[in-house]
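Data from upload-v7.txt: compact mmCIF, C-alpha atoms
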# COMPACT_ATOMS: atom_id res chain seq x y z
CA MET A 1 3.18 -35.42 3.00
CA THR A 2 3.14 -32.19 1.00
CA ALA A 3 6.66 -32.90 -0.26
CA CYS A 4 5.65 -36.48 -1.05
CA GLN A 5 2.62 -35.29 -3.00
CA ALA A 6 4.78 -33.01 -5.14
CA ARG A 7 7.35 -35.75 -5.72
CA ILE A 8 4.77 -38.38 -6.70
CA ASN A 9 2.86 -35.97 -8.94
CA ALA A 10 6.07 -35.24 -10.86
CA LEU A 11 6.91 -38.94 -11.13
CA LEU A 12 3.41 -39.85 -12.29
CA ASP A 13 3.61 -37.11 -14.91
CA HIS A 14 6.86 -38.73 -16.10
CA TYR A 15 5.59 -42.32 -16.27
CA LEU A 16 2.08 -41.67 -17.59
CA PRO A 17 1.39 -41.04 -21.30
CA LYS A 18 2.26 -37.45 -22.11
CA GLU A 19 -0.16 -34.59 -21.55
CA GLU A 20 -0.38 -33.72 -25.25
CA ALA A 21 -1.70 -37.20 -26.06
CA THR A 22 -5.12 -36.99 -27.66
CA THR A 23 -6.14 -40.63 -27.14
CA PRO A 24 -9.09 -40.76 -24.70
CA LEU A 25 -7.46 -43.71 -22.93
CA TYR A 26 -4.32 -41.71 -22.17
CA GLN A 27 -6.33 -38.67 -21.13
CA ALA A 28 -8.39 -40.82 -18.76
CA MET A 29 -5.26 -42.36 -17.22
CA ARG A 30 -3.83 -38.93 -16.49
CA TYR A 31 -7.18 -37.65 -15.24
CA ALA A 32 -7.48 -40.56 -12.80
CA CYS A 33 -4.00 -40.05 -11.37
CA LEU A 34 -3.38 -36.30 -11.50
CA ASN A 35 -6.62 -34.92 -10.08
CA GLY A 36 -5.47 -34.61 -6.49
CA GLY A 37 -5.13 -37.25 -3.83
CA LYS A 38 -3.41 -37.59 -0.49
CA ARG A 39 -0.65 -39.91 -1.81
CA LEU A 40 -0.80 -41.64 1.55
CA ARG A 41 0.38 -45.04 0.30
CA PRO A 42 3.54 -43.77 -1.42
CA TYR A 43 4.26 -41.72 1.69
CA LEU A 44 4.13 -44.90 3.74
CA ALA A 45 6.66 -46.56 1.44
CA TYR A 46 9.04 -43.60 1.63
CA GLN A 47 8.81 -43.34 5.41
CA SER A 48 9.20 -47.07 5.90
CA ALA A 49 12.37 -46.96 3.81
CA ALA A 50 13.59 -43.95 5.78
CA LEU A 51 13.68 -46.15 8.89
CA PHE A 52 16.62 -47.92 7.23
CA ASN A 53 18.22 -44.76 5.78
CA THR A 54 17.25 -45.71 2.22
CA PRO A 55 17.31 -42.71 -0.15
CA ALA A 56 13.98 -41.63 -1.61
CA GLN A 57 15.14 -42.05 -5.21
CA ILE A 58 15.54 -45.79 -4.66
CA ILE A 59 11.89 -46.00 -3.59
CA ASP A 60 10.53 -43.84 -6.43
CA PRO A 61 9.51 -46.70 -8.79
CA VAL A 62 7.94 -48.59 -5.88
CA ALA A 63 5.98 -45.53 -4.75
CA VAL A 64 4.76 -44.84 -8.30
CA ALA A 65 3.61 -48.44 -8.75
CA ILE A 66 1.70 -48.33 -5.47
CA GLU A 67 -0.10 -45.11 -6.43
CA LEU A 68 -0.95 -46.41 -9.92
CA ILE A 69 -2.56 -49.48 -8.34
CA HIS A 70 -4.48 -47.30 -5.90
CA CYS A 71 -5.72 -44.98 -8.67
CA TYR A 72 -6.82 -47.93 -10.79
CA SER A 73 -8.81 -49.28 -7.86
CA LEU A 74 -10.62 -45.95 -7.41
CA VAL A 75 -11.57 -45.78 -11.09
CA HIS A 76 -13.08 -49.26 -10.98
CA ASP A 77 -14.62 -48.77 -7.53
CA ASP A 78 -16.57 -45.75 -8.83
CA LEU A 79 -18.07 -47.59 -11.83
CA PRO A 80 -21.86 -48.07 -12.09
CA ALA A 81 -21.48 -51.82 -11.51
CA MET A 82 -19.55 -51.14 -8.29
CA ASP A 83 -20.27 -48.11 -6.07
CA ASN A 84 -21.75 -45.95 -8.87
CA ASP A 85 -20.21 -42.70 -7.63
CA ASP A 86 -20.40 -39.38 -9.48
CA LEU A 87 -17.65 -37.52 -7.61
CA ARG A 88 -14.07 -38.33 -6.69
CA ARG A 89 -11.73 -35.77 -5.12
CA GLY A 90 -14.31 -33.06 -5.85
CA LYS A 91 -14.43 -33.77 -9.58
CA PRO A 92 -16.54 -36.01 -11.83
CA THR A 93 -15.46 -39.63 -11.60
CA CYS A 94 -13.54 -41.07 -14.54
CA HIS A 95 -16.55 -42.77 -16.13
CA LYS A 96 -18.54 -39.52 -15.82
CA ARG A 97 -15.75 -37.38 -17.31
CA PHE A 98 -15.18 -39.81 -20.18
CA ASP A 99 -17.37 -42.91 -20.49
CA GLU A 100 -17.70 -46.28 -18.81
CA ALA A 101 -15.68 -48.28 -21.34
CA THR A 102 -12.81 -45.77 -21.32
CA ALA A 103 -12.77 -45.80 -17.50
CA ILE A 104 -12.56 -49.60 -17.41
CA LEU A 105 -9.69 -49.60 -19.90
CA ALA A 106 -7.92 -46.77 -18.06
CA GLY A 107 -8.06 -48.79 -14.85
CA ASP A 108 -6.72 -51.85 -16.65
CA ALA A 109 -3.90 -49.80 -18.15
CA LEU A 110 -2.92 -48.23 -14.81
CA LEU A 111 -2.70 -51.63 -13.12
CA THR A 112 -0.55 -53.02 -15.93
CA LEU A 113 1.67 -49.94 -16.01
CA ALA A 114 2.25 -50.30 -12.26
CA PHE A 115 4.01 -53.61 -12.69
CA GLU A 116 6.00 -52.37 -15.69
CA VAL A 117 7.34 -49.58 -13.48
CA LEU A 118 7.92 -51.95 -10.58
CA SER A 119 9.94 -54.34 -12.75
CA GLN A 120 12.62 -51.70 -13.24
CA THR A 121 15.49 -52.75 -11.02
CA ASP A 122 17.72 -49.69 -11.40
CA GLY A 123 18.64 -48.21 -8.04
CA LEU A 124 17.48 -51.01 -5.77
CA GLN A 125 20.02 -52.09 -3.18
CA SER A 126 20.59 -55.52 -4.66
CA ASP A 127 22.68 -57.04 -7.43
CA ASN A 128 20.08 -59.66 -8.25
CA CYS A 129 16.36 -59.81 -8.93
CA SER A 130 15.27 -61.28 -5.58
CA THR A 131 14.34 -57.92 -4.05
CA ASN A 132 12.27 -56.88 -7.04
CA LEU A 133 10.55 -60.25 -7.20
CA LYS A 134 9.61 -59.91 -3.54
CA LEU A 135 8.23 -56.41 -4.20
CA ILE A 136 6.18 -57.69 -7.14
CA GLN A 137 4.89 -60.63 -5.11
CA THR A 138 3.96 -58.41 -2.14
CA LEU A 139 2.07 -55.85 -4.22
CA SER A 140 0.36 -58.36 -6.52
CA ARG A 141 -0.89 -60.35 -3.55
CA ALA A 142 -2.15 -57.18 -1.83
CA ALA A 143 -3.93 -56.00 -4.97
CA GLY A 144 -5.27 -59.30 -6.28
CA PRO A 145 -7.71 -62.10 -5.38
CA PHE A 146 -6.25 -62.51 -1.88
CA GLY A 147 -6.26 -58.79 -1.14
CA MET A 148 -7.99 -55.71 -2.53
CA VAL A 149 -9.99 -57.42 -5.28
CA GLN A 150 -11.21 -60.03 -2.82
CA GLY A 151 -12.27 -57.22 -0.49
CA GLN A 152 -14.18 -55.50 -3.28
CA ALA A 153 -15.95 -58.75 -4.13
CA LEU A 154 -16.89 -59.31 -0.50
CA ASP A 155 -18.11 -55.71 -0.31
CA LEU A 156 -20.41 -56.17 -3.30
CA ALA A 157 -21.71 -59.49 -2.02
CA ALA A 158 -22.51 -57.91 1.35
CA GLU A 159 -24.85 -55.21 0.02
CA GLY A 160 -28.20 -55.40 1.77
CA LYS A 161 -26.86 -57.88 4.35
CA VAL A 162 -25.84 -57.59 7.99
CA LEU A 163 -22.32 -58.87 8.54
CA SER A 164 -20.75 -60.05 11.74
CA TYR A 165 -17.95 -57.99 13.24
CA GLU A 166 -15.43 -60.63 12.15
CA GLN A 167 -16.75 -60.64 8.56
CA LEU A 168 -16.61 -56.84 8.40
CA CYS A 169 -13.00 -56.80 9.60
CA GLN A 170 -12.05 -59.54 7.12
CA MET A 171 -13.58 -57.57 4.26
CA HIS A 172 -11.79 -54.33 5.11
CA HIS A 173 -8.46 -55.96 5.91
CA ALA A 174 -8.59 -57.11 2.29
CA LYS A 175 -10.23 -54.13 0.57
CA THR A 176 -8.34 -51.31 2.29
CA GLY A 177 -5.79 -52.75 4.67
CA ALA A 178 -3.92 -55.06 2.29
CA LEU A 179 -2.55 -52.33 0.00
CA ILE A 180 -1.79 -49.99 2.90
CA ALA A 181 0.09 -52.75 4.74
CA ALA A 182 1.92 -53.68 1.54
CA SER A 183 2.94 -50.04 1.04
CA VAL A 184 4.61 -50.03 4.45
CA GLN A 185 6.27 -53.36 3.76
CA CYS A 186 7.56 -52.42 0.32
CA GLY A 187 9.69 -49.57 1.60
CA ALA A 188 11.30 -52.00 4.02
CA ILE A 189 11.67 -54.77 1.42
CA ALA A 190 13.50 -52.38 -0.90
CA SER A 191 15.77 -51.61 2.06
CA ASN A 192 16.55 -55.30 2.70
CA ALA A 193 14.99 -55.14 6.17
CA SER A 194 14.96 -58.16 8.47
CA GLU A 195 11.97 -60.50 8.68
CA ASN A 196 11.22 -59.26 12.21
CA ASP A 197 11.11 -55.66 11.04
CA LEU A 198 8.92 -56.61 8.08
CA GLU A 199 6.49 -58.38 10.39
CA GLU A 200 6.18 -55.40 12.75
CA LEU A 201 5.64 -53.00 9.87
CA HIS A 202 3.06 -55.31 8.31
CA LYS A 203 1.10 -55.37 11.58
CA PHE A 204 1.35 -51.57 11.81
CA GLY A 205 0.03 -51.30 8.26
CA LEU A 206 -2.92 -53.59 8.93
CA ARG A 207 -3.94 -51.59 12.00
CA ILE A 208 -3.79 -48.21 10.27
CA GLY A 209 -5.48 -49.72 7.22
CA LEU A 210 -8.40 -50.77 9.36
CA ALA A 211 -8.35 -47.37 11.07
CA PHE A 212 -8.50 -45.70 7.65
CA GLN A 213 -11.63 -47.66 6.75
CA ILE A 214 -13.29 -47.04 10.12
CA LYS A 215 -12.67 -43.31 9.67
CA ASP A 216 -14.17 -43.56 6.16
CA ASP A 217 -17.30 -45.13 7.66
CA LEU A 218 -17.55 -42.30 10.18
CA LEU A 219 -17.02 -39.64 7.50
CA ASP A 220 -19.75 -41.19 5.35
CA VAL A 221 -22.13 -40.30 8.19
CA LEU A 222 -20.57 -37.16 9.64
CA GLY A 223 -18.54 -35.72 6.75
CA LYS A 224 -19.38 -32.88 4.39
CA SER A 225 -19.10 -33.05 0.60
CA GLU A 226 -17.21 -29.74 0.37
CA THR A 227 -14.34 -31.11 2.48
CA MET A 228 -14.51 -34.76 1.43
CA GLY A 229 -14.64 -34.17 -2.32
CA LYS A 230 -17.39 -36.78 -2.67
CA LYS A 231 -20.95 -37.23 -1.52
CA PRO A 232 -21.48 -38.58 2.01
CA GLY A 233 -24.24 -41.08 2.67
CA GLN A 234 -23.22 -43.44 -0.12
CA ASP A 235 -22.99 -46.45 2.20
CA VAL A 236 -26.63 -46.05 3.24
CA LYS A 237 -27.61 -45.49 -0.39
CA ASN A 238 -25.87 -48.73 -1.42
CA GLN A 239 -27.22 -50.65 1.61
CA LYS A 240 -23.76 -51.47 2.89
CA CYS A 241 -22.93 -52.84 6.31
CA THR A 242 -20.38 -50.55 7.95
CA PHE A 243 -18.78 -50.23 11.36
CA VAL A 244 -21.24 -47.43 12.11
CA THR A 245 -24.34 -49.41 11.13
CA LEU A 246 -23.06 -52.43 13.05
CA LEU A 247 -21.59 -50.81 16.17
CA GLY A 248 -23.06 -47.29 16.31
CA LEU A 249 -21.20 -43.98 16.22
CA ASN A 250 -19.80 -44.02 19.76
CA THR A 251 -18.46 -47.56 19.72
CA THR A 252 -17.02 -47.06 16.23
CA SER A 253 -15.18 -43.94 17.42
CA GLU A 254 -13.80 -45.88 20.38
CA TYR A 255 -12.65 -48.70 18.11
CA LEU A 256 -10.93 -46.19 15.83
CA ASN A 257 -8.87 -44.95 18.79
CA THR A 258 -8.09 -48.54 19.78
CA CYS A 259 -6.73 -49.27 16.30
CA TYR A 260 -4.60 -46.14 16.49
CA THR A 261 -3.17 -47.09 19.88
CA GLN A 262 -2.46 -50.66 18.76
CA SER A 263 -0.70 -49.46 15.62
CA LEU A 264 1.81 -47.47 17.66
CA ILE A 265 2.90 -50.58 19.57
CA HIS A 266 4.40 -52.02 16.39
CA LEU A 267 6.51 -48.91 15.81
CA ALA A 268 8.20 -49.08 19.22
CA PRO A 269 11.23 -51.07 17.96
CA PHE A 270 12.13 -48.28 15.53
CA GLY A 271 12.41 -45.47 18.10
CA GLN A 272 12.31 -41.83 17.04
CA LYS A 273 12.92 -42.71 13.39
CA ALA A 274 9.29 -43.85 13.25
CA ASP A 275 7.88 -40.46 14.33
CA PRO A 276 6.68 -39.61 10.79
CA LEU A 277 4.73 -42.88 10.72
CA ARG A 278 3.28 -42.10 14.15
CA SER A 279 2.22 -38.69 12.87
CA LEU A 280 0.60 -40.30 9.86
CA ALA A 281 -1.38 -42.66 12.09
CA ALA A 282 -2.64 -39.62 14.01
CA TYR A 283 -3.53 -37.91 10.73
CA ILE A 284 -5.56 -40.92 9.59
CA VAL A 285 -7.76 -40.93 12.68
CA GLY A 286 -8.18 -37.14 12.69
CA ARG A 287 -8.68 -36.42 8.98
CA GLU A 288 -11.82 -34.80 7.54
CA THR A 289 -11.37 -35.97 3.93
Take the structure in the file and give it back as structure tokens.
Amino acid sequence: MTACQARINALLDHYLPKEEATTPLYQAMRYACLNGGKRLRPYLAYQSAALFNTPAQIIDPVAVAIELIHCYSLVHDDLPAMDNDDLRRGKPTCHKRFDEATAILAGDALLTLAFEVLSQTDGLQSDNCSTNLKLIQTLSRAAGPFGMVQGQALDLAAEGKVLSYEQLCQMHHAKTGALIAASVQCGAIASNASENDLEELHKFGLRIGLAFQIKDDLLDVLGKSETMGKKPGQDVKNQKCTFVTLLGLNTTSEYLNTCYTQSLIHLAPFGQKADPLRSLAAYIVGRET
């Protein structure tokens, strides 16, 4: 992951407006993307492609697009009309560092730039556009009204309400799981993987996506701001229904382990080549940030 972080940071620096740009919009875009981050989603794309011996440079535009979409979502998620957060990755959120209008436009620009980058076909293992179209379709569906944006809307609508377990899972499969699952799939799509392999990797992605959100819910109760880079207790502040408020700490911890165990089942067909993905699943359930 450390090598992936360095690679993605360099690629983002290349694709984003240059550092010497004085336009607040460009500064905000760079601030939102280059202020740290685990780069977990690009890592998933690289490691998924590695299952099929696809070189990293072929996945670079895909990985950049995924991270741009993720960074846009964080900028908008932090806005006063959404979660109203002051800190992200230990630094002032984009709307606090600049202003609300600039943050909104920066998020819009990052999302649009993602698909410009993704439309570049150079290097993909295909002589036609079908692979790229499938990548664009997969990511746009994961990020849009049937994926992440839908999950954010459900999250906002649920404030102050008690959700059922099924409703909570539906919300987080969309808000968090969709882009994580798409990240895993995109590395395989760019590698021309079979439909069976794509299905197994999609199921793996959904399970670790849900595990990621469950761990977030636990960290919001048990985490510390100095390690998380943001203030804990925001879910209670915003009157959100979480796995912890619904199930309690012990049951939520048990369910986290269940998601982890289930995710590994879908990696069995790939043998030892999937060990980096197995390690990542373990990292997700054990992380403190």
Counting all atoms listed in the file, what are the residues of segment 193-256 of chain A within 12 Å of segment 134-145 of chain A, and for each of them which pair of atoms is the nearest and at what distance in Å, to one decimal? Sort the table by chain and rising number, as a tab-separated table.
residue	atom	partner	partner_atom	distance
A:Leu198	CA	A:Thr138	CA	11.5
A:His202	CA	A:Thr138	CA	10.9
A:Gly205	CA	A:Ala142	CA	11.9
A:Leu206	CA	A:Ala142	CA	11.4
Report summary line: Atom pair atom CA of Asp13 of chain A + atom CA of Gln185 of chain A, distance 24.9 Å
Counting all atoms listed in the file, which residues in segment 147-231 of chain A sit no more than 8 Å from segment 254-274 of chain A? For each one, give the nearest pair of atoms and the distance in Å, sorted by chain then residue number, as a Markdown table.
| residue | atom | partner | partner_atom | distance |
| --- | --- | --- | --- | --- |
| A:Glu200 | CA | A:His266 | CA | 5.3 |
| A:Leu201 | CA | A:His266 | CA | 6.7 |
| A:Lys203 | CA | A:His266 | CA | 6.7 |
| A:Phe204 | CA | A:Ser263 | CA | 4.8 |
| A:Gly205 | CA | A:Ser263 | CA | 7.6 |
| A:Arg207 | CA | A:Ser263 | CA | 5.3 |
| A:Ile208 | CA | A:Ser263 | CA | 6.3 |
| A:Leu210 | CA | A:Cys259 | CA | 7.3 |
| A:Ala211 | CA | A:Leu256 | CA | 5.5 |
| A:Ile214 | CA | A:Leu256 | CA | 6.2 |
| A:Lys215 | CA | A:Leu256 | CA | 7.0 |
Query raised in the report: Of the candidates A:Leu44, A:Arg7, A:Leu249, A:Asn35, which one gets nearest to Ser183 of chain A if we count all atoms listed in the file?
Result: A:Leu44
Report task. Tell me which protein, DNA and RNA residues are within 12 Å of Ala81 of chain A, counting all atoms listed in the file, leaving out same-chain ones fewer than 2 positions away, and put them as a ChimeraX atom specification. Result -> /A:75-79,83-85,95,100-101,104,152-153,156,238
Keeping C-alpha atoms, export the residues of the selection given above as an mmCIF file, keeping the file's coordinate frame.
data_model
loop_
_atom_site.group_PDB
_atom_site.id
_atom_site.type_symbol
_atom_site.label_atom_id
_atom_site.label_comp_id
_atom_site.auth_asym_id
_atom_site.auth_seq_id
_atom_site.Cartn_x
_atom_site.Cartn_y
_atom_site.Cartn_z
ATOM 1 C CA VAL A 75 -11.570 -45.780 -11.090
ATOM 2 C CA HIS A 76 -13.080 -49.260 -10.980
ATOM 3 C CA ASP A 77 -14.620 -48.770 -7.530
ATOM 4 C CA ASP A 78 -16.570 -45.750 -8.830
ATOM 5 C CA LEU A 79 -18.070 -47.590 -11.830
ATOM 6 C CA ASP A 83 -20.270 -48.110 -6.070
ATOM 7 C CA ASN A 84 -21.750 -45.950 -8.870
ATOM 8 C CA ASP A 85 -20.210 -42.700 -7.630
ATOM 9 C CA HIS A 95 -16.550 -42.770 -16.130
ATOM 10 C CA GLU A 100 -17.700 -46.280 -18.810
ATOM 11 C CA ALA A 101 -15.680 -48.280 -21.340
ATOM 12 C CA ILE A 104 -12.560 -49.600 -17.410
ATOM 13 C CA GLN A 152 -14.180 -55.500 -3.280
ATOM 14 C CA ALA A 153 -15.950 -58.750 -4.130
ATOM 15 C CA LEU A 156 -20.410 -56.170 -3.300
ATOM 16 C CA ASN A 238 -25.870 -48.730 -1.420
#
Report summary line: Between atom CA of Arg88 of chain A and atom CA of Leu277 of chain A lies a distance of 26.0 Å
Requested in this report: In Å, rounded to a single decimal, give me how far atom CA of Glu195 of chain A is from atom CA of Leu280 of chain A.
Outcome: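 Computed distance, atom CA of Leu280 of chain A to atom CA of Glu195 of chain A, equals 23.2 Å.
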